[in-house]
Amino acid sequence: MRFLEIIGNINSSEILHNIFVYDKTAPLIFTRFFFWAFFAVVLVGYSFVYKSKNRSVRAGYLFLASLFFYYKSSGFFFFILLFSTLVDFFIGKGIYNSRNSTTKKFLVAASVIVNLLVLAYFKYSYFFVDSVNLLLGTHLNVVNYLAVWANNGAGTHFNVNQILLPVGISFFTFQTISYSVDVYRGETKPVKNLIDFGFYVSFFPQLVAGPIVRASGFIKQIYEDYHVTKAEFGWAIFMILKGLIKKIFIGDFIAVNFVDRVFSDPITYSGFENLMALFGYSLQVYVDFSGYTDIAIGVALLMGFRLPQNFNSPYKAKNVGDFWKRWHMSLSSWLKDYLYIPIGGNRGGSVFSYISLGIILAIVVLLAGKFILVPIFTAVVLLFALLARISPKIKRSIDTNINLMLTMLLGGLWHGASWQFIIWGGLNGIGLVVYKFWRKISPWENKNSWITNIWKIIITFTFITFTRIFFRSESMEVVNGMMHQITNDFNISLIPEILTAYKWVFLVMLFGFVIHWLSSSLKEKITNWFIATPLWLKAVIATVVVIIVYQSVSSEMQPFIYFQF
C-alpha cells in the first residue's frame, strides 16, 4: 500500500509539473491535445466572467490565461512581453495626455525605438556580431546580458553565450508599436487601465503568429458586450476544423514525408523531386500559416472577439500586387500604413526613405562582407540622383519605387537577417515594380477571359514559388543545390517512379491545391451548410475530422512555421 501511495504521489507530481512548468521540447501549440484541454479550462472559467459589467474583470482573466499560455510557449520570455506592455501602456497615456506636439513626437519615437531595439537584440544580435567579425577580423562573441543579470541576481543558471528568439516577438512588437502610433494619430483612445492593455497585447489566440491586431480595431471590442450568434458559433467551429486539416493533414504530412527531406539535402534528389518540393513548400507554408490563423480566428470568436482576416486565397492572385493583398494581409497592411505611406508612399521620397535606403545598403555590405560594394552602391545612388534631376515625373517614379523596394526589403528583414530573406524580399519588390510598369503596356491587363486568368494565376504562382526557395533554404548552399538539380539533373525518365514512390504525398498535395482553387461560391456553400447543421451533427463531423487528422500524424507535432519569426 505504501508503495502504491508513493507511485501515486510521483505521478501526481509529474502531472502537475507537466501542466504548470515550461518544457521547451513540448511548447503549448494549437495542434497539441494539451492546448485544447487548456482552452476548455479557460472557457469554463470564462463562463463565470464573460458577462461581467466590469469589462476589466473579463480582460484580466484572459490576460492571466494569455500569460500562462505564453509562458508554456516560450518560458520566461513572458517577461519581455510584460516589459513591452508596460512601456507602451505608459507611452500611450503620455501621448494622449500631452498637449505639446514635440512631446507627442518624442514619445511615439521612443515607443518605436525601444520596441525595435528589443526586437533587434533578440533577432539580429548574431547578425551584427558575425558581420563585425567578418569585416574587421575580430572575434567578438554574443553575450546574453539578460541571462547574466538573472544568474547574478537570482542565482539561476541560464546560458550566457546564447540568445534565443522569444516566440512571436515580431508580432507583439509590431502590435505595441501600432498602438502608440494610432494613439498619436488620434485613431484610437488609450485603454482605461494596464490590465486592458495587457489583454490587448497578449490575447493568446493570435499572440505568437498573428494576425497582427490593430489597436483601432480591437480595443473597442474590450468594452463591448459579449455577443456570439448561432451562425458565428458554427463558423468558429468550422474555422478551427479547417485550420487543423490544413496544418496537420496537409502541411505536416507533406513536410515530414517529402518537403523537409529534399530541402535538407537537395543534391541527393532529382531535379523533378526538387521542383515538386518547391511547389510543395508553397502549399505547406500557406496551409501551415493560414491554418494557424483559421484556428486563432475561431478560438477568439468563441470568446466573443473578432480577429481580422489574414488570407484570401492568395494563390488565386493574378499578379504580384494582388498576391500581397491576399497573403498575410495583416502584415501587408501594417507595412503599408506604418512604413510605406509614412516614408512617402506614392507621393514621393522623404528623408526617412533615404536613411532607410542607406541602412539597407549597409546591411547588404555587412552580409556580403565586402567593402567593394560601397563605391558600387554610391555610383548607383548618384546615377538615380542624376536621373531624378531631369524631370519631376522621373523623380517621383524613382522615389515611389524606392519606397516600394524598401518596404519589401524591410519586410524580408522582419523575417530574419540573412541573404536569403534579403533576396526574397528584394525579388518580391522587383516583382511589384515590374508589374507596375508592365500593366501600363500589357495587352492582357484588362482582359478577363478564363484562359487569360488561368495564365496570369500560373505565372504569378510560379514566380512566388520560385522566391520561396530563398525563404525556406537555411543557406545559400541549399539554394544553389536545388537550382543545380532543377536545371541540370531533372531526369524525366524517373518521374513515373517518383510519382509512385511518393503517391500519398502527391495526392495530399493535389487535394490541398484543388481545395484552395475551388470557387469562392462553392466554398461559401460548404461553409453555410456546416453552419446550418444541427449541433449534434456538428459534433459528429468534428469528431470524425479530429480522428482522421490525428491519425495522419506520422511524427512528433511540427511547430508552426511562423513561430520562428
# chains A, B, ... in the order shown; residues from 1 in each chain; ligands from 1
call {"tool": "residues_around", "arguments": {"residues": "region 467-470 of chain A", "least_positions_apart": "6", "cutoff": "10 Å", "atoms": "only C-alpha atoms", "output": "list in words"}}
result
Phe263, Leu275, Ala277, Leu278, Phe279, Tyr281, Ser282, Val285, Ser418, Trp419, Gln420, Phe421, Ile422, Ile423, Trp424, Gly425, Gly426, Leu427, Asn428, Met476, Val478, Val479, Asn480, Met482 and Met483 of chain A
call {"tool": "write_last_selection", "arguments": {"atoms": "N, CA and C atoms", "output": "mmCIF file, in the first residue's frame"}}
result
data_model
loop_
_atom_site.group_PDB
_atom_site.id
_atom_site.type_symbol
_atom_site.label_atom_id
_atom_site.label_comp_id
_atom_site.auth_asym_id
_atom_site.auth_seq_id
_atom_site.Cartn_x
_atom_site.Cartn_y
_atom_site.Cartn_z
ATOM 1 N N PHE A 263 14.726 19.499 -48.894
ATOM 2 C CA PHE A 263 15.432 20.727 -48.544
ATOM 3 C C PHE A 263 16.635 20.457 -47.651
ATOM 4 N N LEU A 275 11.900 20.241 -57.680
ATOM 5 C CA LEU A 275 10.845 21.138 -58.159
ATOM 6 C C LEU A 275 9.536 20.871 -57.432
ATOM 7 N N ALA A 277 9.250 19.586 -54.475
ATOM 8 C CA ALA A 277 9.419 20.025 -53.095
ATOM 9 C C ALA A 277 9.222 21.530 -52.983
ATOM 10 N N LEU A 278 9.649 22.250 -54.010
ATOM 11 C CA LEU A 278 9.485 23.695 -54.008
ATOM 12 C C LEU A 278 8.012 24.078 -54.080
ATOM 13 N N PHE A 279 7.269 23.434 -54.992
ATOM 14 C CA PHE A 279 5.826 23.682 -55.061
ATOM 15 C C PHE A 279 5.124 23.153 -53.803
ATOM 16 N N TYR A 281 6.424 23.138 -50.843
ATOM 17 C CA TYR A 281 6.642 24.092 -49.756
ATOM 18 C C TYR A 281 5.712 25.294 -49.883
ATOM 19 N N SER A 282 5.446 25.717 -51.123
ATOM 20 C CA SER A 282 4.488 26.817 -51.306
ATOM 21 C C SER A 282 3.142 26.452 -50.706
ATOM 22 N N VAL A 285 3.664 26.164 -46.592
ATOM 23 C CA VAL A 285 3.747 27.414 -45.833
ATOM 24 C C VAL A 285 2.385 28.107 -45.798
ATOM 25 N N SER A 418 19.428 37.586 -43.076
ATOM 26 C CA SER A 418 20.252 36.659 -43.847
ATOM 27 C C SER A 418 20.121 37.014 -45.319
ATOM 28 N N TRP A 419 21.061 36.551 -46.111
ATOM 29 C CA TRP A 419 20.991 36.792 -47.548
ATOM 30 C C TRP A 419 19.690 36.267 -48.125
ATOM 31 N N GLN A 420 19.242 35.116 -47.633
ATOM 32 C CA GLN A 420 18.039 34.514 -48.203
ATOM 33 C C GLN A 420 16.825 35.424 -48.051
ATOM 34 N N PHE A 421 16.644 36.009 -46.870
ATOM 35 C CA PHE A 421 15.483 36.875 -46.653
ATOM 36 C C PHE A 421 15.618 38.207 -47.387
ATOM 37 N N ILE A 422 16.864 38.716 -47.493
ATOM 38 C CA ILE A 422 17.095 39.937 -48.276
ATOM 39 C C ILE A 422 16.706 39.701 -49.726
ATOM 40 N N ILE A 423 17.161 38.590 -50.278
ATOM 41 C CA ILE A 423 16.874 38.277 -51.685
ATOM 42 C C ILE A 423 15.382 38.027 -51.874
ATOM 43 N N TRP A 424 14.772 37.286 -50.948
ATOM 44 C CA TRP A 424 13.337 37.012 -51.047
ATOM 45 C C TRP A 424 12.535 38.305 -51.057
ATOM 46 N N GLY A 425 12.834 39.202 -50.118
ATOM 47 C CA GLY A 425 12.137 40.476 -50.093
ATOM 48 C C GLY A 425 12.421 41.306 -51.327
ATOM 49 N N GLY A 426 13.697 41.295 -51.780
ATOM 50 C CA GLY A 426 14.066 42.054 -52.967
ATOM 51 C C GLY A 426 13.376 41.545 -54.226
ATOM 52 N N LEU A 427 13.283 40.227 -54.370
ATOM 53 C CA LEU A 427 12.618 39.659 -55.550
ATOM 54 C C LEU A 427 11.141 40.027 -55.580
ATOM 55 N N ASN A 428 10.491 39.994 -54.424
ATOM 56 C CA ASN A 428 9.080 40.392 -54.389
ATOM 57 C C ASN A 428 8.924 41.883 -54.682
ATOM 58 N N MET A 476 22.699 29.465 -48.539
ATOM 59 C CA MET A 476 22.798 29.625 -49.990
ATOM 60 C C MET A 476 23.264 28.335 -50.657
ATOM 61 N N VAL A 478 22.065 25.407 -49.986
ATOM 62 C CA VAL A 478 20.820 24.697 -50.295
ATOM 63 C C VAL A 478 20.171 25.295 -51.537
ATOM 64 N N VAL A 479 20.151 26.615 -51.616
ATOM 65 C CA VAL A 479 19.588 27.294 -52.793
ATOM 66 C C VAL A 479 20.321 26.846 -54.052
ATOM 67 N N ASN A 480 21.631 26.909 -54.007
ATOM 68 C CA ASN A 480 22.436 26.528 -55.180
ATOM 69 C C ASN A 480 22.238 25.063 -55.536
ATOM 70 N N MET A 482 19.549 23.160 -54.981
ATOM 71 C CA MET A 482 18.234 22.954 -55.594
ATOM 72 C C MET A 482 18.209 23.487 -57.027
ATOM 73 N N MET A 483 18.778 24.670 -57.223
ATOM 74 C CA MET A 483 18.797 25.251 -58.565
ATOM 75 C C MET A 483 19.604 24.380 -59.534
#
call {"tool": "closest_atom_pairs", "arguments": {"of": "region 268-319 of chain A", "to": "region 493-500 of chain A", "cutoff": "10 Å", "atoms": "only C-alpha atoms", "output": "Markdown table"}}
result
| residue | atom | partner | partner_atom | distance |
| --- | --- | --- | --- | --- |
| A:Ser270 | CA | A:Leu494 | CA | 8.2 |
| A:Gly271 | CA | A:Ile495 | CA | 9.8 |
| A:Phe272 | CA | A:Ile495 | CA | 7.0 |
| A:Glu273 | CA | A:Ile498 | CA | 7.5 |
call {"tool": "closest_residue", "arguments": {"among": "A:Ala109, A:Ile457, A:Ala209, A:Ala215", "to": "Pro314 (chain A)", "atoms": "only C-alpha atoms"}}
result
A:Ile457
call {"tool": "atom_distance", "arguments": {"atom1": "CA of Gly411 (chain A)", "atom2": "CA of Ile398 (chain A)"}}
result
19.7 Å
call {"tool": "residues_around", "arguments": {"residues": "Tyr502 (chain A)", "least_positions_apart": "6", "cutoff": "10 Å", "atoms": "only C-alpha atoms", "output": "count of residues only"}}
result
4
call {"tool": "residues_around", "arguments": {"residues": "Phe204 (chain A)", "least_positions_apart": "6", "cutoff": "9 Å", "atoms": "only C-alpha atoms", "output": "number ranges by chain"}}
result
A: 62-63, 65-67, 69-70, 296, 300
call {"tool": "closest_atom_pairs", "arguments": {"of": "region 33-129 of chain A", "to": "region 174-182 of chain A", "cutoff": "6 Å", "atoms": "only C-alpha atoms", "output": "CSV"}}
result
residue,atom,partner,partner_atom,distance
A:Gly92,CA,A:Ser180,CA,5.3
A:Val108,CA,A:Ser180,CA,6.0
A:Val112,CA,A:Ile177,CA,5.9
call {"tool": "residues_around", "arguments": {"residues": "Gly416 (chain A)", "least_positions_apart": "4", "cutoff": "8 Å", "atoms": "only C-alpha atoms", "output": "number ranges by chain"}}
result
A: 123-124, 412, 421, 565
call {"tool": "residues_around", "arguments": {"residues": "Leu107 (chain A)", "least_positions_apart": "6", "cutoff": "12 Å", "atoms": "only C-alpha atoms", "output": "list in words"}}
result
Val87, Asp88, Phe89, Phe90, Ile91, Gly92, Lys93, Gly94, Ile95, Tyr96, Asn97, Ser98, Asn100, Ser101, Ile113, Val114, Ile177, Ser180, Val181, Val183 and Tyr184 of chain A
call {"tool": "atom_distance", "arguments": {"atom1": "CA of Phe511 (chain A)", "atom2": "CA of Phe311 (chain A)"}}
result
18.8 Å
call {"tool": "closest_residue", "arguments": {"among": "A:Ile402, A:Leu537, A:Asn448, A:Trp414", "to": "Leu116 (chain A)", "atoms": "only C-alpha atoms"}}
result
A:Trp414
call {"tool": "atom_distance", "arguments": {"atom1": "CA of Arg439 (chain A)", "atom2": "CA of Thr452 (chain A)"}}
result
14.0 Å
call {"tool": "select_by_dssp", "arguments": {"residues": "region 8-252 of chain A", "states": "alpha helix (DSSP H)", "output": "ChimeraX atom specification"}}
result
/A:8-20,33-49,55-74,78-97,101-136,145-154,169-185,194-202,215-222,230-244
call {"tool": "residues_around", "arguments": {"residues": "Ile222 (chain A)", "least_positions_apart": "4", "cutoff": "8 Å", "atoms": "only C-alpha atoms", "output": "number ranges by chain"}}
result
A: 55, 59, 196, 218
call {"tool": "closest_residue", "arguments": {"among": "A:Arg326, A:Arg214, A:Lys318, A:Arg472", "to": "Tyr435 (chain A)", "atoms": "only C-alpha atoms"}}
result
A:Lys318
call {"tool": "decode", "arguments": {"residues": "region 170-206 of chain A", "atoms": "N, CA, C and O atoms", "output": "compact mmCIF listing (two decimals), in the first residue's frame"}}
result
# COMPACT_ATOMS: atom_id res chain seq x y z
N SER A 170 8.16 39.29 -32.98
CA SER A 170 7.94 40.20 -34.11
C SER A 170 6.48 40.63 -34.19
O SER A 170 6.18 41.76 -34.59
N PHE A 171 5.56 39.74 -33.80
CA PHE A 171 4.15 40.05 -33.88
C PHE A 171 3.72 41.02 -32.79
O PHE A 171 3.09 42.04 -33.06
N PHE A 172 4.05 40.71 -31.51
CA PHE A 172 3.57 41.61 -30.46
C PHE A 172 4.36 42.93 -30.44
O PHE A 172 3.86 43.94 -29.97
N THR A 173 5.59 42.94 -30.99
CA THR A 173 6.33 44.19 -31.11
C THR A 173 5.63 45.13 -32.09
O THR A 173 5.42 46.32 -31.81
N PHE A 174 5.24 44.62 -33.26
CA PHE A 174 4.51 45.43 -34.23
C PHE A 174 3.16 45.88 -33.67
O PHE A 174 2.68 46.97 -33.96
N GLN A 175 2.57 45.03 -32.86
CA GLN A 175 1.26 45.34 -32.30
C GLN A 175 1.34 46.50 -31.31
O GLN A 175 0.50 47.40 -31.32
N THR A 176 2.37 46.50 -30.46
CA THR A 176 2.51 47.59 -29.49
C THR A 176 2.92 48.88 -30.18
O THR A 176 2.50 49.97 -29.77
N ILE A 177 3.74 48.78 -31.24
CA ILE A 177 4.10 49.99 -32.00
C ILE A 177 2.86 50.61 -32.62
O ILE A 177 2.67 51.83 -32.59
N SER A 178 2.00 49.77 -33.19
CA SER A 178 0.79 50.29 -33.84
C SER A 178 -0.10 51.00 -32.83
O SER A 178 -0.77 51.98 -33.17
N TYR A 179 -0.11 50.53 -31.58
CA TYR A 179 -0.92 51.18 -30.54
C TYR A 179 -0.45 52.61 -30.31
O TYR A 179 -1.25 53.56 -30.31
N SER A 180 0.85 52.77 -30.10
CA SER A 180 1.40 54.11 -29.85
C SER A 180 1.15 55.03 -31.03
O SER A 180 0.78 56.20 -30.86
N VAL A 181 1.35 54.51 -32.24
CA VAL A 181 1.17 55.34 -33.43
C VAL A 181 -0.31 55.70 -33.61
O VAL A 181 -0.64 56.83 -33.96
N ASP A 182 -1.21 54.73 -33.38
CA ASP A 182 -2.65 55.01 -33.52
C ASP A 182 -3.12 56.05 -32.50
O ASP A 182 -3.95 56.91 -32.82
N VAL A 183 -2.61 55.98 -31.27
CA VAL A 183 -2.95 56.99 -30.27
C VAL A 183 -2.41 58.35 -30.71
O VAL A 183 -3.10 59.38 -30.61
N TYR A 184 -1.19 58.37 -31.23
CA TYR A 184 -0.59 59.62 -31.71
C TYR A 184 -1.39 60.21 -32.86
O TYR A 184 -1.61 61.43 -32.92
N ARG A 185 -1.86 59.37 -33.76
CA ARG A 185 -2.64 59.85 -34.91
C ARG A 185 -4.08 60.20 -34.54
O ARG A 185 -4.80 60.78 -35.35
N GLY A 186 -4.50 59.85 -33.35
CA GLY A 186 -5.86 60.11 -32.93
C GLY A 186 -6.86 59.10 -33.47
O GLY A 186 -8.07 59.33 -33.43
N GLU A 187 -6.36 57.95 -33.95
CA GLU A 187 -7.24 56.92 -34.49
C GLU A 187 -7.84 56.03 -33.41
O GLU A 187 -8.77 55.28 -33.66
N THR A 188 -7.29 56.09 -32.21
CA THR A 188 -7.85 55.35 -31.09
C THR A 188 -7.50 56.07 -29.79
O THR A 188 -6.51 56.80 -29.73
N LYS A 189 -8.32 55.88 -28.79
CA LYS A 189 -8.03 56.42 -27.47
C LYS A 189 -7.30 55.36 -26.66
O LYS A 189 -7.47 54.16 -26.89
N PRO A 190 -6.45 55.79 -25.73
CA PRO A 190 -5.73 54.79 -24.92
C PRO A 190 -6.69 53.97 -24.07
O PRO A 190 -7.80 54.41 -23.74
N VAL A 191 -6.27 52.77 -23.74
CA VAL A 191 -7.10 51.90 -22.90
C VAL A 191 -7.24 52.50 -21.51
O VAL A 191 -6.48 53.38 -21.10
N LYS A 192 -8.23 52.03 -20.77
CA LYS A 192 -8.55 52.62 -19.47
C LYS A 192 -7.54 52.24 -18.39
O LYS A 192 -7.30 53.00 -17.46
N ASN A 193 -6.97 51.05 -18.50
CA ASN A 193 -6.03 50.63 -17.45
C ASN A 193 -5.03 49.62 -18.02
O ASN A 193 -5.16 49.15 -19.15
N LEU A 194 -4.04 49.30 -17.21
CA LEU A 194 -2.95 48.41 -17.64
C LEU A 194 -3.45 47.00 -17.94
O LEU A 194 -2.94 46.33 -18.85
N ILE A 195 -4.45 46.53 -17.21
CA ILE A 195 -4.98 45.19 -17.42
C ILE A 195 -5.59 45.08 -18.83
O ILE A 195 -5.34 44.11 -19.56
N ASP A 196 -6.37 46.09 -19.21
CA ASP A 196 -6.98 46.07 -20.54
C ASP A 196 -5.91 46.08 -21.64
O ASP A 196 -6.03 45.38 -22.65
N PHE A 197 -4.86 46.88 -21.42
CA PHE A 197 -3.80 46.94 -22.43
C PHE A 197 -3.03 45.62 -22.49
O PHE A 197 -2.67 45.15 -23.57
N GLY A 198 -2.76 45.04 -21.31
CA GLY A 198 -2.08 43.75 -21.30
C GLY A 198 -2.87 42.69 -22.04
O GLY A 198 -2.30 41.86 -22.75
N PHE A 199 -4.18 42.73 -21.89
CA PHE A 199 -5.03 41.79 -22.62
C PHE A 199 -4.93 42.02 -24.12
O PHE A 199 -4.80 41.07 -24.89
N TYR A 200 -4.96 43.28 -24.55
CA TYR A 200 -4.84 43.60 -25.98
C TYR A 200 -3.53 43.07 -26.56
O TYR A 200 -3.51 42.46 -27.64
N VAL A 201 -2.44 43.25 -25.85
CA VAL A 201 -1.13 42.83 -26.35
C VAL A 201 -0.98 41.32 -26.36
O VAL A 201 -0.39 40.74 -27.28
N SER A 202 -1.52 40.65 -25.35
CA SER A 202 -1.18 39.24 -25.13
C SER A 202 -2.29 38.24 -25.48
O SER A 202 -2.11 37.04 -25.24
N PHE A 203 -3.40 38.67 -26.02
CA PHE A 203 -4.53 37.77 -26.28
C PHE A 203 -4.04 36.50 -26.96
O PHE A 203 -3.54 36.52 -28.08
N PHE A 204 -4.15 35.37 -26.29
CA PHE A 204 -3.40 34.17 -26.66
C PHE A 204 -3.72 33.56 -28.03
O PHE A 204 -2.83 32.97 -28.64
N PRO A 205 -4.94 33.65 -28.58
CA PRO A 205 -5.14 33.00 -29.88
C PRO A 205 -4.22 33.54 -30.97
O PRO A 205 -3.76 32.78 -31.83
N GLN A 206 -3.94 34.85 -30.96
CA GLN A 206 -3.13 35.42 -32.04
C GLN A 206 -1.77 35.92 -31.56
O GLN A 206 -1.03 36.56 -32.33
